[in-house]
file work-v6.txt (compact mmCIF, C-alpha atoms)
# COMPACT_ATOMS: atom_id res chain seq x y z
CA MET B 91 94.21 109.22 148.85
CA ASN B 92 94.12 112.75 150.27
CA GLN B 93 90.89 112.89 152.23
CA ASN B 94 90.66 114.80 155.50
CA GLU B 95 89.17 113.30 158.63
CA ASN B 96 85.67 114.69 158.09
CA THR B 97 85.32 113.65 154.46
CA PRO B 98 83.40 110.40 153.77
CA LEU B 99 85.40 107.61 152.20
CA LEU B 100 82.63 107.21 149.64
CA ASP B 101 79.72 109.52 148.82
CA ILE B 102 76.91 108.11 146.66
CA ARG B 103 74.69 110.80 145.16
CA ASP B 104 71.34 110.24 143.42
CA VAL B 105 72.34 106.98 141.73
CA SER B 106 69.74 105.37 139.45
CA HIS B 107 69.95 102.44 137.07
CA ASN B 108 67.67 100.46 134.75
CA PHE B 109 67.88 97.32 132.70
CA ASP B 110 64.68 96.53 130.78
CA TYR B 111 62.91 97.78 133.89
CA PRO B 112 63.70 100.28 136.69
CA LEU B 113 66.18 98.63 139.07
CA PHE B 114 66.73 101.39 141.63
CA GLN B 115 66.58 105.17 141.72
CA ASP B 116 67.80 108.14 143.75
CA ILE B 117 70.20 106.09 145.89
CA ASN B 118 72.13 108.21 148.40
CA LEU B 119 74.64 106.81 150.87
CA THR B 120 77.87 107.79 152.62
CA LEU B 121 80.58 105.51 153.96
CA ASP B 122 82.86 106.89 156.67
CA LYS B 123 86.22 105.71 157.92
CA GLN B 124 86.08 102.62 160.19
CA GLN B 125 82.46 102.08 159.18
CA SER B 126 80.71 99.00 157.81
CA ILE B 127 77.51 99.03 155.77
CA ALA B 128 75.34 96.04 154.83
CA ILE B 129 72.78 95.97 152.04
CA ILE B 130 70.11 93.27 152.14
CA GLY B 131 67.12 92.50 149.91
CA ILE B 132 65.43 89.72 148.02
CA SER B 133 67.14 87.98 145.09
CA GLY B 134 66.88 90.06 141.95
CA SER B 135 66.36 93.34 143.77
CA GLY B 136 69.61 94.75 142.38
CA LYS B 137 71.98 94.45 145.37
CA SER B 138 74.94 93.14 143.39
CA THR B 139 74.37 95.65 140.59
CA LEU B 140 74.36 98.44 143.16
CA LEU B 141 77.63 97.16 144.63
CA ASN B 142 79.16 96.98 141.14
CA ILE B 143 78.33 100.66 140.66
CA PHE B 144 79.79 101.61 144.04
CA CYS B 145 83.08 99.83 143.26
CA SER B 146 83.37 101.30 139.74
CA LEU B 147 82.69 98.14 137.69
CA LEU B 148 79.42 99.49 136.25
CA ALA B 149 78.58 103.09 135.40
CA PRO B 150 75.12 104.19 136.59
CA GLU B 151 72.63 105.72 134.21
CA HIS B 152 72.37 108.67 136.57
CA GLY B 153 74.21 109.92 139.64
CA GLU B 154 77.70 110.15 141.06
CA VAL B 155 80.07 108.00 143.08
CA ILE B 156 82.49 110.36 144.81
CA TYR B 157 85.83 109.00 146.00
CA ASP B 158 88.76 111.18 147.00
CA GLY B 159 86.87 114.30 145.95
CA GLN B 160 85.96 113.23 142.42
CA ASN B 161 83.32 111.25 140.56
CA ILE B 162 85.07 107.99 139.70
CA PHE B 163 83.15 107.78 136.41
CA ASN B 164 84.58 111.10 135.20
CA ILE B 165 88.27 110.29 135.63
CA SER B 166 90.64 108.66 133.14
CA LYS B 167 90.81 104.90 132.71
CA LYS B 168 94.36 104.92 134.08
CA GLU B 169 93.32 106.79 137.23
CA LEU B 170 90.39 104.43 137.74
CA LEU B 171 92.58 101.35 137.30
CA ASN B 172 94.99 102.72 139.91
CA ILE B 173 92.11 103.18 142.36
CA ARG B 174 90.89 99.63 141.73
CA ARG B 175 94.38 98.24 142.17
CA ASN B 176 95.46 100.23 145.22
CA ASP B 177 92.38 101.53 147.05
CA PHE B 178 89.40 99.28 146.31
CA GLY B 179 89.29 95.67 147.48
CA ILE B 180 86.52 93.69 145.79
CA ILE B 181 85.40 90.32 147.15
CA PHE B 182 83.31 88.57 144.52
CA GLN B 183 80.89 85.67 144.90
CA ALA B 184 83.12 83.82 142.43
CA HIS B 185 86.66 83.59 143.76
CA TYR B 186 88.65 84.33 140.57
CA LEU B 187 91.70 82.55 141.92
CA PHE B 188 94.47 81.48 139.55
CA ARG B 189 93.99 77.73 139.32
CA GLY B 190 97.44 77.11 137.83
CA PHE B 191 99.07 78.39 141.01
CA ASP B 192 99.00 77.18 144.57
CA ALA B 193 97.43 79.18 147.40
CA ASN B 194 100.63 80.94 148.38
CA GLU B 195 101.37 81.99 144.80
CA ASN B 196 97.90 83.52 144.53
CA LEU B 197 98.70 85.74 147.50
CA GLU B 198 102.17 86.59 146.22
CA ILE B 199 100.59 88.09 143.09
CA ALA B 200 98.67 90.59 145.23
CA SER B 201 101.83 91.22 147.24
CA LEU B 202 103.90 91.96 144.12
CA LEU B 203 101.27 94.26 142.60
CA THR B 204 100.95 96.39 145.73
CA ASN B 205 104.37 95.99 147.38
CA ASN B 206 102.68 94.75 150.55
CA ASN B 207 103.94 91.74 152.46
CA VAL B 208 101.66 88.76 153.06
CA ASP B 209 100.46 88.88 156.67
CA THR B 210 100.97 85.44 158.23
CA MET B 211 98.78 86.43 161.19
CA LEU B 212 95.94 87.09 158.74
CA LEU B 213 96.29 83.58 157.33
CA GLU B 214 96.09 82.16 160.84
CA LYS B 215 92.99 84.20 161.66
CA LEU B 216 91.33 82.94 158.47
CA LYS B 217 92.49 79.39 159.30
CA ILE B 218 94.18 78.81 155.96
CA ASP B 219 97.83 78.96 157.05
CA HIS B 220 98.10 75.17 156.80
CA VAL B 221 96.91 74.95 153.16
CA MET B 222 99.15 77.54 151.52
CA THR B 223 101.21 75.02 149.53
CA GLN B 224 98.13 73.28 148.12
CA ALA B 225 96.83 73.76 144.59
CA ILE B 226 93.61 75.74 144.25
CA GLY B 227 91.74 72.66 143.03
CA GLU B 228 92.66 70.85 146.25
CA LEU B 229 91.01 73.48 148.45
CA SER B 230 87.40 73.33 149.59
CA GLY B 231 84.99 76.04 148.48
CA GLY B 232 85.23 77.65 151.92
CA GLN B 233 89.02 77.61 151.85
CA GLN B 234 89.01 79.19 148.40
CA GLN B 235 86.69 81.91 149.65
CA ARG B 236 88.91 82.66 152.64
CA LEU B 237 91.97 82.71 150.36
CA SER B 238 90.27 85.22 148.06
CA ILE B 239 89.53 87.40 151.10
CA ALA B 240 93.17 87.13 152.21
CA ARG B 241 94.27 88.17 148.72
CA VAL B 242 92.05 91.26 148.86
CA LEU B 243 93.25 92.25 152.35
CA THR B 244 96.89 91.81 151.28
CA LYS B 245 96.30 94.81 149.02
CA LYS B 246 95.55 96.94 152.12
CA PRO B 247 92.48 98.52 150.48
CA THR B 248 90.86 101.72 151.72
CA ILE B 249 87.39 100.34 150.96
CA ILE B 250 86.26 96.72 150.90
CA PHE B 251 83.33 95.86 148.63
CA ALA B 252 82.06 92.38 149.44
CA ASP B 253 79.39 90.43 147.56
CA GLU B 254 78.15 87.58 149.79
CA PRO B 255 81.59 87.19 151.45
CA THR B 256 80.40 84.33 153.68
CA GLY B 257 78.25 82.50 151.14
CA ASN B 258 80.29 79.28 151.16
CA LEU B 259 81.02 79.21 154.88
CA ASP B 260 79.38 77.53 157.84
CA LYS B 261 77.92 79.78 160.52
CA GLU B 262 80.90 79.64 162.90
CA THR B 263 83.49 80.23 160.19
CA ALA B 264 81.38 83.01 158.67
CA SER B 265 81.35 84.81 162.02
CA GLU B 266 85.13 84.46 162.34
CA VAL B 267 85.69 85.78 158.81
CA MET B 268 83.43 88.78 159.43
CA ASP B 269 85.38 89.55 162.60
CA VAL B 270 88.57 89.64 160.50
CA LEU B 271 86.94 92.09 158.07
CA PHE B 272 85.56 94.29 160.85
CA ASP B 273 88.95 94.33 162.60
CA TYR B 274 90.63 95.31 159.33
CA THR B 275 88.36 98.34 158.84
CA LYS B 276 88.98 99.56 162.39
CA LEU B 277 92.75 99.04 162.41
CA ASN B 278 93.33 100.48 158.94
CA ASN B 279 90.90 103.42 159.02
CA ALA B 280 89.12 101.73 156.14
CA GLY B 281 85.45 101.13 155.29
CA MET B 282 83.35 98.24 154.03
CA ILE B 283 80.14 97.83 152.05
CA LEU B 284 78.79 94.31 151.81
CA VAL B 285 75.83 92.66 150.16
CA THR B 286 74.39 89.67 151.98
CA HIS B 287 71.19 87.64 152.32
CA GLU B 288 72.13 86.70 155.89
CA ASP B 289 70.46 89.08 158.36
CA ASP B 290 72.65 87.99 161.28
CA ILE B 291 75.76 88.97 159.29
CA ALA B 292 74.17 92.22 158.12
CA TYR B 293 73.21 93.40 161.59
CA LYS B 294 76.79 93.17 162.80
CA CYS B 295 77.50 96.17 160.56
CA ASP B 296 77.19 99.79 161.67
CA LYS B 297 74.49 100.54 159.12
CA VAL B 298 71.98 98.22 157.45
CA TYR B 299 69.96 99.10 154.36
CA LYS B 300 67.30 97.12 152.54
CA LEU B 301 66.91 97.51 148.79
CA ASN B 302 63.16 97.38 148.34
CA ASN B 303 60.83 98.83 145.69
CA ASN B 304 63.75 100.50 143.91
CA LYS B 305 64.82 102.39 147.03
CA LEU B 306 67.26 101.98 149.91
CA GLU B 307 65.53 101.82 153.26
CA GLN B 308 67.77 102.29 156.30
CA LEU B 309 67.05 99.70 159.00
CA LYS B 310 69.95 100.27 161.40
CA TRP B 311 72.51 102.94 162.04
CA ILE B 312 75.22 103.58 164.60
CA TYR B 313 76.98 106.93 164.69
CA TYR B 314 80.21 107.61 166.55
call {"tool": "encode", "arguments": {"input": "work-v6.txt", "output": "structure tokens"}}
result
Amino acid sequence: MNQNENTPLLDIRDVSHNFDYPLFQDINLTLDKQQSIAIIGISGSGKSTLLNIFCSLLAPEHGEVIYDGQNIFNISKKELLNIRRNDFGIIFQAHYLFRGFDANENLEIASLLTNNNVDTMLLEKLKIDHVMTQAIGELSGGQQQRLSIARVLTKKPTIIFADEPTGNLDKETASEVMDVLFDYTKLNNAGMILVTHEDDIAYKCDKVYKLNNNKLEQLKWIYY
């Protein structure tokens, strides 16, 4: 990535999308370095679809998603795959862990793909350091979720896209996990966009938007 200090990490311009009905239109948003953005809204409002567009998994019917000076939907498949592998870290609601491997082997895959070492301090912060030799099926839903987050952070992404990252966690653990994600963005000059139905999680972010009546309404912003 070759962005200068004043260039947003991500620049969303006039994004609109429909299914059998209008989902959202004229969405504009910028994500800066060390910044976190939360998007809230009722179920079915299109939050996850919007996040899928931002992270390149779904092309919008109209608009641009600018990363590193170019619309990610106008570049080659190879270039886009490289961005997904090296720059974008996507935390899904489903964990997509490899069930034939143990927890440690799941992390080693991310380590091999990106040539980044597994951070043992990260595992301690996420409180999964003691389960790394266990099979995926032996882990609780919360442990699997924290492992999937550790796998994403092992990639050292420039932008984290998180869809309900604390959905399977109790309140205390959710707060601890969010602190890990916030610390990562600050220490690595990265950014984060998350979708959540939990207002207390959302309002820990620098900016909060609500997807309502096909539009993004900004509810909170902090500028530095």
call {"tool": "residues_around", "arguments": {"input": "work-v6.txt", "residues": "region 172-182 of chain B", "least_positions_apart": "4", "cutoff": "8 Å", "atoms": "all atoms listed in the file", "output": "PyMOL selection string"}}
result
chain B and resi 145-146+168+186+203-204+238-239+242-243+245-255
call {"tool": "residues_around", "arguments": {"input": "work-v6.txt", "residues": "Asp122 (chain B)", "least_positions_apart": "5", "cutoff": "9 Å", "atoms": "all atoms listed in the file", "output": "MDAnalysis selection string"}}
result
chainID B and resid 96:101 280:281
call {"tool": "closest_residue", "arguments": {"input": "work-v6.txt", "among": "B:Ser133, B:Gln124, B:Asn207, B:Gln160", "to": "Ile102 (chain B)", "atoms": "all atoms listed in the file"}}
result
B:Gln160
call {"tool": "atom_distance", "arguments": {"input": "work-v6.txt", "atom1": "CA of Asp269 (chain B)", "atom2": "CA of Gly227 (chain B)"}}
result
26.6 Å
call {"tool": "atom_distance", "arguments": {"input": "work-v6.txt", "atom1": "CA of Asn108 (chain B)", "atom2": "CA of Phe163 (chain B)"}}
result
17.2 Å
call {"tool": "residues_near_point", "arguments": {"input": "work-v6.txt", "point": "(80.0, 80.7, 157.6)", "cutoff": "12 Å", "atoms": "all atoms listed in the file", "output": "list in words"}}
result
Leu216, Gly231, Gly232, Gln233, Gln235, Arg236, Glu254, Pro255, Thr256, Gly257, Asn258, Leu259, Asp260, Lys261, Glu262, Thr263, Ala264, Ser265, Glu266, Val267, Met268, Asp269, Thr286, Glu288, Asp290 and Ile291 of chain B
call {"tool": "atom_distance", "arguments": {"input": "work-v6.txt", "atom1": "CA of Arg241 (chain B)", "atom2": "CA of Ala200 (chain B)"}}
result
6.1 Å
call {"tool": "closest_residue", "arguments": {"input": "work-v6.txt", "among": "B:Asp104, B:Asp110, B:Glu228, B:Asp116", "to": "Asn303 (chain B)", "atoms": "only C-alpha atoms"}}
result
B:Asp116
call {"tool": "residues_around", "arguments": {"input": "work-v6.txt", "residues": "Gly136 (chain B)", "least_positions_apart": "2", "cutoff": "8 Å", "atoms": "only C-alpha atoms", "output": "PyMOL selection string"}}
result
chain B and resi 113-114+133-134+138-140+301
call {"tool": "residues_around", "arguments": {"input": "work-v6.txt", "residues": "Phe188 (chain B)", "least_positions_apart": "3", "cutoff": "10 Å", "atoms": "all atoms listed in the file", "output": "list in words"}}
result
His185, Phe191, Asp192, Ala193, Glu195, Asn196, Leu197, Ile199, Ala225, Ile226 and Gly227 of chain B
call {"tool": "write_last_selection", "arguments": {"input": "work-v6.txt", "atoms": "C-alpha atoms", "output": "compact mmCIF listing (two decimals), in the coordinates of the input"}}
result
# COMPACT_ATOMS: atom_id res chain seq x y z
CA HIS B 185 86.66 83.59 143.76
CA PHE B 191 99.07 78.39 141.01
CA ASP B 192 99.00 77.18 144.57
CA ALA B 193 97.43 79.18 147.40
CA GLU B 195 101.37 81.99 144.80
CA ASN B 196 97.90 83.52 144.53
CA LEU B 197 98.70 85.74 147.50
CA ILE B 199 100.59 88.09 143.09
CA ALA B 225 96.83 73.76 144.59
CA ILE B 226 93.61 75.74 144.25
CA GLY B 227 91.74 72.66 143.03
call {"tool": "closest_residue", "arguments": {"input": "work-v6.txt", "among": "B:Tyr157, B:Thr244, B:His287, B:His107", "to": "Leu202 (chain B)", "atoms": "all atoms listed in the file"}}
result
B:Thr244
call {"tool": "axis_aligned_box", "arguments": {"input": "work-v6.txt", "around": "region 200-215 of chain B", "padding_each_side": "8 Å", "output": "JSON"}}
result
{"center_x": 98.7, "center_y": 89.3, "center_z": 152.1, "size_x": 27.4, "size_y": 30.2, "size_z": 35.1}
call {"tool": "closest_residue", "arguments": {"input": "work-v6.txt", "among": "B:Glu151, B:Leu237, B:Gly131, B:Leu277", "to": "Ala292 (chain B)", "atoms": "all atoms listed in the file"}}
result
B:Gly131
call {"tool": "closest_residue", "arguments": {"input": "work-v6.txt", "among": "B:Asp158, B:Glu307, B:Asp219, B:Glu169", "to": "Asn118 (chain B)", "atoms": "all atoms listed in the file"}}
result
B:Glu307
call {"tool": "closest_residue", "arguments": {"input": "work-v6.txt", "among": "B:Lys297, B:Arg103, B:Lys215, B:Arg189", "to": "Leu119 (chain B)", "atoms": "all atoms listed in the file"}}
result
B:Arg103
